[in-house]
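Student: Contents are mmCIF, C-alpha atoms; file name start.cif:
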data_protein
#
loop_
_atom_site.label_atom_id
_atom_site.label_comp_id
_atom_site.auth_asym_id
_atom_site.auth_seq_id
_atom_site.Cartn_x
_atom_site.Cartn_y
_atom_site.Cartn_z
CA MET A 1 -120.83 130.51 57.46
CA THR A 2 -118.61 132.47 59.81
CA PRO A 3 -116.87 135.40 58.03
CA LEU A 4 -113.08 135.18 58.08
CA ARG A 5 -112.67 138.56 59.74
CA PHE A 6 -114.50 137.12 62.77
CA TYR A 7 -111.50 134.96 63.69
CA LYS A 8 -109.05 137.86 63.60
CA ARG A 9 -111.42 140.03 65.61
CA GLU A 10 -111.87 137.32 68.24
CA ALA A 11 -108.11 136.73 68.34
CA LYS A 12 -107.57 140.40 69.16
CA LYS A 13 -110.13 140.15 71.97
CA SER A 14 -108.31 137.18 73.51
CA LEU A 15 -104.99 138.99 73.21
CA GLU A 16 -106.32 142.32 74.46
CA ASN A 17 -104.88 142.04 77.96
CA ASN A 18 -102.33 139.39 77.12
CA TRP A 19 -100.09 140.94 74.46
CA GLY A 20 -97.15 141.19 76.85
CA ASP A 21 -97.33 137.55 77.95
CA ALA A 22 -97.91 136.45 74.35
CA ALA A 23 -94.81 138.35 73.21
CA ILE A 24 -92.74 136.81 76.02
CA ALA A 25 -93.97 133.32 75.11
CA THR A 26 -93.01 133.94 71.50
CA LEU A 27 -89.57 135.19 72.53
CA VAL A 28 -89.01 132.14 74.70
CA PHE A 29 -90.05 129.88 71.82
CA LEU A 30 -87.78 131.63 69.32
CA ILE A 31 -84.78 131.89 71.65
CA THR A 32 -85.09 128.23 72.67
CA THR A 33 -85.20 127.21 69.01
CA ILE A 34 -82.11 129.30 68.24
CA LEU A 35 -80.20 127.94 71.26
CA LEU A 36 -81.14 124.40 70.30
CA THR A 37 -79.79 124.97 66.78
CA LEU A 38 -76.56 126.47 68.12
CA ALA A 39 -76.16 123.55 70.54
CA VAL A 40 -76.53 120.95 67.77
CA GLN A 41 -74.14 122.88 65.53
CA GLY A 42 -71.67 123.06 68.43
CA ILE A 43 -71.88 119.30 68.99
CA PHE A 44 -71.25 118.69 65.28
CA THR A 45 -68.25 121.02 65.36
CA LEU A 46 -66.77 119.43 68.51
CA CYS A 47 -67.11 116.00 66.92
CA GLY A 48 -65.42 117.25 63.77
CA ILE A 49 -68.52 116.68 61.64
CA ASN A 50 -69.15 119.02 58.72
CA HIS A 51 -72.81 119.94 59.16
CA THR A 52 -73.00 122.01 55.96
CA ILE A 53 -73.61 119.84 52.90
CA SER A 54 -73.22 121.33 49.41
CA PHE A 55 -75.51 119.77 46.83
CA THR A 56 -74.58 122.32 44.18
CA GLU A 57 -72.56 125.53 44.17
CA ASN A 58 -75.65 127.58 45.00
CA PHE A 59 -77.56 125.05 47.12
CA LYS A 60 -76.28 124.15 50.56
CA SER A 61 -78.01 122.52 53.50
CA ASP A 62 -77.20 122.77 57.18
CA TRP A 63 -77.95 119.34 58.59
CA ALA A 64 -77.45 120.59 62.14
CA SER A 65 -80.31 123.05 61.70
CA THR A 66 -82.47 120.30 60.22
CA ILE A 67 -81.80 118.00 63.17
CA ALA A 68 -82.48 120.86 65.61
CA SER A 69 -85.80 121.53 63.86
CA ILE A 70 -86.75 117.87 64.29
CA ILE A 71 -85.83 117.90 67.97
CA ALA A 72 -87.91 121.08 68.37
CA LEU A 73 -91.16 119.49 67.10
CA PRO A 74 -92.61 119.00 70.63
CA LEU A 75 -91.67 122.62 71.30
CA VAL A 76 -93.79 123.68 68.33
CA TRP A 77 -96.68 121.63 69.72
CA GLY A 78 -96.34 123.39 73.06
CA PHE A 79 -96.44 126.76 71.32
CA TYR A 80 -99.72 125.81 69.63
CA VAL A 81 -101.16 124.61 72.94
CA VAL A 82 -100.36 127.90 74.67
CA PHE A 83 -102.52 129.86 72.24
CA LEU A 84 -105.27 127.28 72.16
CA GLY A 85 -105.45 127.67 75.91
CA LEU A 86 -105.57 131.46 75.54
CA CYS A 87 -108.61 131.10 73.27
CA ARG A 88 -110.26 129.07 76.01
CA GLY A 89 -109.77 131.74 78.63
CA GLU A 90 -106.61 130.31 80.18
CA LYS A 91 -103.69 132.45 81.23
CA ILE A 92 -100.53 132.15 79.15
CA SER A 93 -98.08 129.84 80.89
CA ILE A 94 -94.53 129.80 79.51
CA SER A 95 -93.90 126.35 80.97
CA LYS A 96 -96.61 124.87 78.71
CA ILE A 97 -94.33 125.44 75.73
CA PHE A 98 -92.17 122.60 77.02
CA ASP A 99 -95.01 120.19 77.88
CA GLY A 100 -94.35 118.13 74.76
CA TYR A 101 -91.12 116.84 76.27
CA ARG A 102 -92.74 115.61 79.47
CA GLY A 103 -93.99 112.16 80.36
CA ASN A 104 -95.25 109.66 77.83
CA GLU A 105 -96.60 112.39 75.56
CA PHE A 106 -93.21 112.97 73.95
CA VAL A 107 -93.21 109.90 71.69
CA ARG A 108 -96.82 110.41 70.55
CA ILE A 109 -96.32 114.09 69.77
CA PHE A 110 -92.89 113.72 68.22
CA THR A 111 -93.72 110.82 65.88
CA THR A 112 -96.99 112.37 64.73
CA LEU A 113 -95.47 115.75 63.91
CA PHE A 114 -92.49 114.07 62.27
CA ILE A 115 -94.80 112.15 59.91
CA TYR A 116 -96.70 115.40 59.30
CA CYS A 117 -93.53 117.29 58.30
CA ILE A 118 -92.16 114.49 56.11
CA GLY A 119 -95.46 114.17 54.25
CA VAL A 120 -95.73 117.91 53.58
CA ILE A 121 -92.07 118.20 52.53
CA ILE A 122 -92.38 115.30 50.09
CA GLY A 123 -95.56 116.84 48.66
CA LEU A 124 -93.87 120.22 48.22
CA ILE A 125 -90.76 118.73 46.61
CA LEU A 126 -92.64 116.56 44.16
CA PHE A 127 -95.58 118.68 43.06
CA ILE A 128 -95.87 121.74 45.39
CA ILE A 129 -99.68 121.84 45.21
CA PRO A 130 -100.15 118.48 47.00
CA GLY A 131 -97.79 119.72 49.69
CA ILE A 132 -99.91 122.84 50.20
CA ILE A 133 -103.10 120.76 50.31
CA LEU A 134 -101.56 118.36 52.84
CA SER A 135 -100.39 121.24 55.02
CA LEU A 136 -103.96 122.59 55.05
CA CYS A 137 -105.42 119.15 55.78
CA TRP A 138 -103.03 118.48 58.64
CA CYS A 139 -102.61 121.98 60.08
CA MET A 140 -104.87 121.17 63.03
CA VAL A 141 -102.79 118.18 64.14
CA PRO A 142 -101.21 119.97 67.16
CA PHE A 143 -104.67 120.92 68.41
CA VAL A 144 -105.98 117.40 67.73
CA LEU A 145 -103.10 115.92 69.73
CA LYS A 146 -104.03 118.19 72.63
CA ASP A 147 -107.78 117.52 72.57
CA HIS A 148 -107.58 113.80 71.73
CA PRO A 149 -104.82 112.18 73.81
CA GLU A 150 -105.96 108.77 72.57
CA LEU A 151 -104.96 109.62 68.98
CA LYS A 152 -101.49 109.42 67.49
CA ASN A 153 -99.68 109.23 64.17
CA MET A 154 -101.97 108.53 61.19
CA ALA A 155 -105.12 108.58 63.35
CA ALA A 156 -104.36 112.17 64.41
CA LEU A 157 -103.55 113.16 60.82
CA LYS A 158 -106.81 111.64 59.58
CA GLU A 159 -108.78 113.45 62.29
CA SER A 160 -107.24 116.77 61.29
CA ALA A 161 -108.07 116.07 57.63
CA ARG A 162 -111.64 115.22 58.63
CA ILE A 163 -112.00 118.43 60.63
CA MET A 164 -110.64 120.47 57.71
CA ASN A 165 -112.95 118.89 55.15
CA GLY A 166 -114.75 121.78 53.50
CA HIS A 167 -112.64 124.39 55.29
CA LYS A 168 -109.29 124.24 53.49
CA MET A 169 -109.95 127.10 51.06
CA ARG A 170 -111.28 129.29 53.87
CA LEU A 171 -108.14 128.71 55.94
CA PHE A 172 -105.98 129.37 52.88
CA LEU A 173 -107.72 132.72 52.34
CA LEU A 174 -107.44 133.51 56.05
CA SER A 175 -103.69 132.84 55.85
CA LEU A 176 -103.37 135.13 52.83
CA SER A 177 -104.93 137.96 54.84
CA PHE A 178 -101.77 138.04 56.98
CA ILE A 179 -99.45 138.84 54.06
CA GLY A 180 -99.39 142.53 54.97
CA TRP A 181 -98.44 141.69 58.54
CA LEU A 182 -95.71 139.32 57.35
CA ILE A 183 -94.24 142.10 55.22
CA ILE A 184 -94.22 144.35 58.29
CA GLY A 185 -92.43 141.61 60.20
CA ILE A 186 -89.76 141.41 57.50
CA ILE A 187 -89.15 145.16 57.19
CA THR A 188 -88.83 145.42 60.99
CA PHE A 189 -85.98 142.88 60.78
CA GLY A 190 -88.08 140.21 62.45
CA ILE A 191 -88.91 142.22 65.57
CA GLY A 192 -92.54 142.59 64.50
CA PHE A 193 -92.98 138.81 64.52
CA ILE A 194 -92.87 138.87 68.32
CA TRP A 195 -96.43 140.25 68.13
CA ILE A 196 -97.48 139.00 64.69
CA GLU A 197 -96.87 135.35 65.54
CA PRO A 198 -99.22 135.38 68.57
CA TYR A 199 -101.86 137.12 66.45
CA MET A 200 -101.61 134.45 63.76
CA MET A 201 -101.53 131.55 66.21
CA THR A 202 -104.52 132.83 68.17
CA THR A 203 -106.46 133.36 64.94
CA LEU A 204 -105.71 129.77 63.89
CA ALA A 205 -106.83 128.51 67.29
CA LYS A 206 -110.07 130.51 66.97
CA PHE A 207 -110.64 128.96 63.54
CA TYR A 208 -110.13 125.48 65.02
CA GLU A 209 -112.49 126.19 67.90
CA ASP A 210 -115.21 127.41 65.54
CA ILE A 211 -115.11 124.54 63.04
CA THR A 212 -114.99 121.89 65.77
CA LYS A 213 -117.84 123.47 67.75
CA SER A 214 -119.96 123.55 64.60
CA GLU A 215 -119.72 119.75 64.50
CA ALA A 216 -121.09 119.33 68.01
#
Now, as a test, write the supplied structure out as structure tokens.

Tutor:
Amino acid sequence: MTPLRFYKREAKKSLENNWGDAAIATLVFLITTILLTLAVQGIFTLCGINHTISFTENFKSDWASTIASIIALPLVWGFYVVFLGLCRGEKISISKIFDGYRGNEFVRIFTTLFIYCIGVIIGLILFIIPGIILSLCWCMVPFVLKDHPELKNMAALKESARIMNGHKMRLFLLSLSFIGWLIIGIITFGIGFIWIEPYMMTTLAKFYEDITKSEA
């Protein structure tokens, strides 16, 4: 069985001459997400809609941010695809981040990722552990949508779960190995995430490539 450190080592190799482009791609992704959120909040404000809902005195929710996050789902898919391509020897292309909004792919990508998010959120709210398990089962969905254009919605979710069968604990442990990096990202006021996020995404893509190739 492939040691977990292999994926991080291979991710560094893929990023070796691409750190600058990877950082730019991450910045574009983050800035686009922020601008999208501000735009939705602005629309709510112009329409006189209160987008902050108070459930209790200490618990408030910004519905504008939630809606922006939903609209950004194809953007998230594009971000995954960029680093999957990097693992396959492709050059980082910023325009690929927006590919999820183009052509007929939008509906397939959007609906599948929406179901994914709803399922994980319900699992986390109800029992927490099922939500974590679902997130591990379905974490390869963006890659599945890229490699299997014939799959959508529950078929794509099932394929991700099939791929992750027997690998969930390994991916969980691999994710835990980034805790130190996440702490660095926090203490650098988020600036470190410009490089940490590409490292994590490329490692995940390497993991996906390895477990799918082992099936061939």

Student: What is the distance between CA of Glu10 (chain A) and CA of His148 (chain A), in Å to one decimal?

Tutor: 24.2 Å

Student: Given the file shown, determine the residues that the PyMOL selection byres ((chain A and resi 165-181) around 12) selects; report them as a PyMOL selection string.

Tutor: chain A and resi 1-8+132-140+158-164+182-188+190-201+203-208+210-212+214-215

Student: Which residue, A:Gly48, A:Gly119, A:Gly100, A:Gly89, has the smallest gap to Leu75 (chain A) when you use all atoms listed in the file?

Tutor: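 With all atoms listed in the file as the atom set, the closest residue is A:Gly100.
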
Student: State, in Å with one decimal place, the distance from CA of Glu90 (chain A) to CA of Ala25 (chain A).

Tutor: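 Value for the CA of Glu90 (chain A)-CA of Ala25 (chain A) distance: 13.9 Å.
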
Student: Have a look at CA of Gln41 (chain A) and CA of Ala64 (chain A) and let me know their distance in Å, one decimal.

Tutor: 5.3 Å

Student: Check the smallest atom-to-atom distance from each of A:Gly131, A:Cys87, A:Pro142, A:Arg108 to Lys13 (chain A) using only C-alpha atoms, then report the winner.

Tutor: A:Cys87

Student: Give me, as a list in words, all polymer residues having an atom no more than 10 Å from Ser69 (chain A), counting only C-alpha atoms and skipping those fewer than 4 positions away in the same chain.

Tutor: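 Once the nearby chain positions are removed, what remains is Thr33, Ile34, Leu36, Thr37, Trp63, Ala64, Ser65, Leu73, Pro74, Leu75 and Val76 of chain A.
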
Student: Find the spatial neighbours of Phe110 (chain A), counting all atoms listed in the file, within a cut-off of 9 Å - ignore same-chain residues fewer than 3 positions away - and output them as number ranges by chain.

Tutor: A: 70-74, 77, 100-101, 105-107, 113-115

Student: Which of these residues is nearest to Val28 (chain A), using all atoms listed in the file: A:Gly85, A:Tyr80, A:Lys12, A:Ser95?

Tutor: A:Ser95

Student: Using all atoms of region 187-201 of chain A that appear in the file, construct an axis-aligned enclosing box with 5 Å of padding on every side and provide its centre coordinates and edge lengths in Å, rounded to one decimal, as JSON.

Tutor:
{"center_x": -93.9, "center_y": 138.5, "center_z": 62.9, "size_x": 25.9, "size_y": 23.9, "size_z": 21.4}

Student: Given the point (-99.5, 135.4, 72.9) in the file's coordinates, find the residues that have an atom at most 6 Å from it, counting all atoms listed in the file, and give them as a list of chain:residue names.

Tutor: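 Collected hits near the coordinates: A:Trp19, A:Asp21, A:Ala22, A:Ala23, A:Pro198.
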
Student: Where atoms are missing, can you supply N, CA, C and O atoms for region 126-152 of chain A and output the lot as a PDB file, in the coordinates of the input?

Tutor:
ATOM      1  N   LEU A 126     -92.195 117.248  45.360  1.00  0.00           N
ATOM      2  CA  LEU A 126     -92.640 116.560  44.160  1.00  0.00           C
ATOM      3  C   LEU A 126     -93.561 117.411  43.285  1.00  0.00           C
ATOM      4  O   LEU A 126     -93.349 117.526  42.080  1.00  0.00           O
ATOM      5  N   PHE A 127     -94.577 118.002  43.892  1.00  0.00           N
ATOM      6  CA  PHE A 127     -95.580 118.680  43.060  1.00  0.00           C
ATOM      7  C   PHE A 127     -96.010 120.054  43.583  1.00  0.00           C
ATOM      8  O   PHE A 127     -96.815 120.723  42.942  1.00  0.00           O
ATOM      9  N   ILE A 128     -95.543 120.455  44.747  1.00  0.00           N
ATOM     10  CA  ILE A 128     -95.870 121.740  45.390  1.00  0.00           C
ATOM     11  C   ILE A 128     -97.338 121.798  45.826  1.00  0.00           C
ATOM     12  O   ILE A 128     -97.627 121.945  47.014  1.00  0.00           O
ATOM     13  N   ILE A 129     -98.264 121.728  44.876  1.00  0.00           N
ATOM     14  CA  ILE A 129     -99.680 121.840  45.210  1.00  0.00           C
ATOM     15  C   ILE A 129    -100.132 120.775  46.212  1.00  0.00           C
ATOM     16  O   ILE A 129    -100.805 121.106  47.205  1.00  0.00           O
ATOM     17  N   PRO A 130     -99.774 119.488  45.991  1.00  0.00           N
ATOM     18  CA  PRO A 130    -100.150 118.480  47.000  1.00  0.00           C
ATOM     19  C   PRO A 130     -99.580 118.784  48.377  1.00  0.00           C
ATOM     20  O   PRO A 130    -100.217 118.507  49.391  1.00  0.00           O
ATOM     21  N   GLY A 131     -98.390 119.354  48.411  1.00  0.00           N
ATOM     22  CA  GLY A 131     -97.790 119.720  49.690  1.00  0.00           C
ATOM     23  C   GLY A 131     -98.600 120.796  50.394  1.00  0.00           C
ATOM     24  O   GLY A 131     -98.793 120.744  51.613  1.00  0.00           O
ATOM     25  N   ILE A 132     -99.082 121.775  49.623  1.00  0.00           N
ATOM     26  CA  ILE A 132     -99.910 122.840  50.200  1.00  0.00           C
ATOM     27  C   ILE A 132    -101.232 122.274  50.710  1.00  0.00           C
ATOM     28  O   ILE A 132    -101.689 122.613  51.808  1.00  0.00           O
ATOM     29  N   ILE A 133    -101.828 121.372  49.919  1.00  0.00           N
ATOM     30  CA  ILE A 133    -103.100 120.760  50.310  1.00  0.00           C
ATOM     31  C   ILE A 133    -102.919 119.932  51.585  1.00  0.00           C
ATOM     32  O   ILE A 133    -103.739 120.000  52.510  1.00  0.00           O
ATOM     33  N   LEU A 134    -101.826 119.165  51.649  1.00  0.00           N
ATOM     34  CA  LEU A 134    -101.560 118.360  52.840  1.00  0.00           C
ATOM     35  C   LEU A 134    -101.354 119.231  54.073  1.00  0.00           C
ATOM     36  O   LEU A 134    -101.831 118.917  55.161  1.00  0.00           O
ATOM     37  N   SER A 135    -100.634 120.344  53.882  1.00  0.00           N
ATOM     38  CA  SER A 135    -100.390 121.240  55.020  1.00  0.00           C
ATOM     39  C   SER A 135    -101.704 121.824  55.539  1.00  0.00           C
ATOM     40  O   SER A 135    -101.873 122.010  56.759  1.00  0.00           O
ATOM     41  N   LEU A 136    -102.650 122.088  54.641  1.00  0.00           N
ATOM     42  CA  LEU A 136    -103.960 122.590  55.050  1.00  0.00           C
ATOM     43  C   LEU A 136    -104.792 121.494  55.719  1.00  0.00           C
ATOM     44  O   LEU A 136    -105.500 121.748  56.702  1.00  0.00           O
ATOM     45  N   CYS A 137    -104.685 120.282  55.205  1.00  0.00           N
ATOM     46  CA  CYS A 137    -105.420 119.150  55.780  1.00  0.00           C
ATOM     47  C   CYS A 137    -104.936 118.846  57.193  1.00  0.00           C
ATOM     48  O   CYS A 137    -105.732 118.533  58.088  1.00  0.00           O
ATOM     49  N   TRP A 138    -103.632 118.932  57.383  1.00  0.00           N
ATOM     50  CA  TRP A 138    -103.030 118.480  58.640  1.00  0.00           C
ATOM     51  C   TRP A 138    -102.688 119.615  59.602  1.00  0.00           C
ATOM     52  O   TRP A 138    -102.123 119.366  60.665  1.00  0.00           O
ATOM     53  N   CYS A 139    -103.026 120.839  59.260  1.00  0.00           N
ATOM     54  CA  CYS A 139    -102.610 121.980  60.080  1.00  0.00           C
ATOM     55  C   CYS A 139    -103.181 121.959  61.486  1.00  0.00           C
ATOM     56  O   CYS A 139    -102.649 122.613  62.398  1.00  0.00           O
ATOM     57  N   MET A 140    -104.257 121.221  61.705  1.00  0.00           N
ATOM     58  CA  MET A 140    -104.870 121.170  63.030  1.00  0.00           C
ATOM     59  C   MET A 140    -104.327 120.034  63.894  1.00  0.00           C
ATOM     60  O   MET A 140    -104.807 119.813  65.015  1.00  0.00           O
ATOM     61  N   VAL A 141    -103.339 119.319  63.404  1.00  0.00           N
ATOM     62  CA  VAL A 141    -102.790 118.180  64.140  1.00  0.00           C
ATOM     63  C   VAL A 141    -102.333 118.538  65.556  1.00  0.00           C
ATOM     64  O   VAL A 141    -102.633 117.796  66.507  1.00  0.00           O
ATOM     65  N   PRO A 142    -101.596 119.648  65.775  1.00  0.00           N
ATOM     66  CA  PRO A 142    -101.210 119.970  67.160  1.00  0.00           C
ATOM     67  C   PRO A 142    -102.406 120.136  68.092  1.00  0.00           C
ATOM     68  O   PRO A 142    -102.363 119.683  69.246  1.00  0.00           O
ATOM     69  N   PHE A 143    -103.475 120.749  67.602  1.00  0.00           N
ATOM     70  CA  PHE A 143    -104.670 120.920  68.410  1.00  0.00           C
ATOM     71  C   PHE A 143    -105.362 119.572  68.647  1.00  0.00           C
ATOM     72  O   PHE A 143    -105.866 119.305  69.738  1.00  0.00           O
ATOM     73  N   VAL A 144    -105.377 118.734  67.610  1.00  0.00           N
ATOM     74  CA  VAL A 144    -105.980 117.400  67.730  1.00  0.00           C
ATOM     75  C   VAL A 144    -105.233 116.581  68.777  1.00  0.00           C
ATOM     76  O   VAL A 144    -105.843 115.887  69.602  1.00  0.00           O
ATOM     77  N   LEU A 145    -103.904 116.658  68.759  1.00  0.00           N
ATOM     78  CA  LEU A 145    -103.100 115.920  69.730  1.00  0.00           C
ATOM     79  C   LEU A 145    -103.400 116.376  71.158  1.00  0.00           C
ATOM     80  O   LEU A 145    -103.368 115.574  72.096  1.00  0.00           O
ATOM     81  N   LYS A 146    -103.690 117.660  71.315  1.00  0.00           N
ATOM     82  CA  LYS A 146    -104.030 118.190  72.630  1.00  0.00           C
ATOM     83  C   LYS A 146    -105.409 117.726  73.085  1.00  0.00           C
ATOM     84  O   LYS A 146    -105.587 117.295  74.238  1.00  0.00           O
ATOM     85  N   ASP A 147    -106.401 117.814  72.198  1.00  0.00           N
ATOM     86  CA  ASP A 147    -107.780 117.520  72.570  1.00  0.00           C
ATOM     87  C   ASP A 147    -108.119 116.031  72.540  1.00  0.00           C
ATOM     88  O   ASP A 147    -109.116 115.608  73.145  1.00  0.00           O
ATOM     89  N   HIS A 148    -107.308 115.246  71.853  1.00  0.00           N
ATOM     90  CA  HIS A 148    -107.580 113.800  71.730  1.00  0.00           C
ATOM     91  C   HIS A 148    -106.323 113.002  72.095  1.00  0.00           C
ATOM     92  O   HIS A 148    -105.611 112.507  71.215  1.00  0.00           O
ATOM     93  N   PRO A 149    -106.038 112.886  73.378  1.00  0.00           N
ATOM     94  CA  PRO A 149    -104.820 112.180  73.810  1.00  0.00           C
ATOM     95  C   PRO A 149    -104.787 110.709  73.420  1.00  0.00           C
ATOM     96  O   PRO A 149    -103.725 110.075  73.492  1.00  0.00           O
ATOM     97  N   GLU A 150    -105.930 110.177  72.989  1.00  0.00           N
ATOM     98  CA  GLU A 150    -105.960 108.770  72.570  1.00  0.00           C
ATOM     99  C   GLU A 150    -105.485 108.590  71.130  1.00  0.00           C
ATOM    100  O   GLU A 150    -105.238 107.459  70.690  1.00  0.00           O
ATOM    101  N   LEU A 151    -105.359 109.701  70.386  1.00  0.00           N
ATOM    102  CA  LEU A 151    -104.960 109.620  68.980  1.00  0.00           C
ATOM    103  C   LEU A 151    -103.472 109.859  68.799  1.00  0.00           C
ATOM    104  O   LEU A 151    -102.873 110.658  69.513  1.00  0.00           O
ATOM    105  N   LYS A 152    -102.891 109.191  67.828  1.00  0.00           N
ATOM    106  CA  LYS A 152    -101.490 109.420  67.490  1.00  0.00           C
ATOM    107  C   LYS A 152    -101.244 109.054  66.037  1.00  0.00           C
ATOM    108  O   LYS A 152    -102.037 108.361  65.404  1.00  0.00           O
TER     109      LYS A 152
END
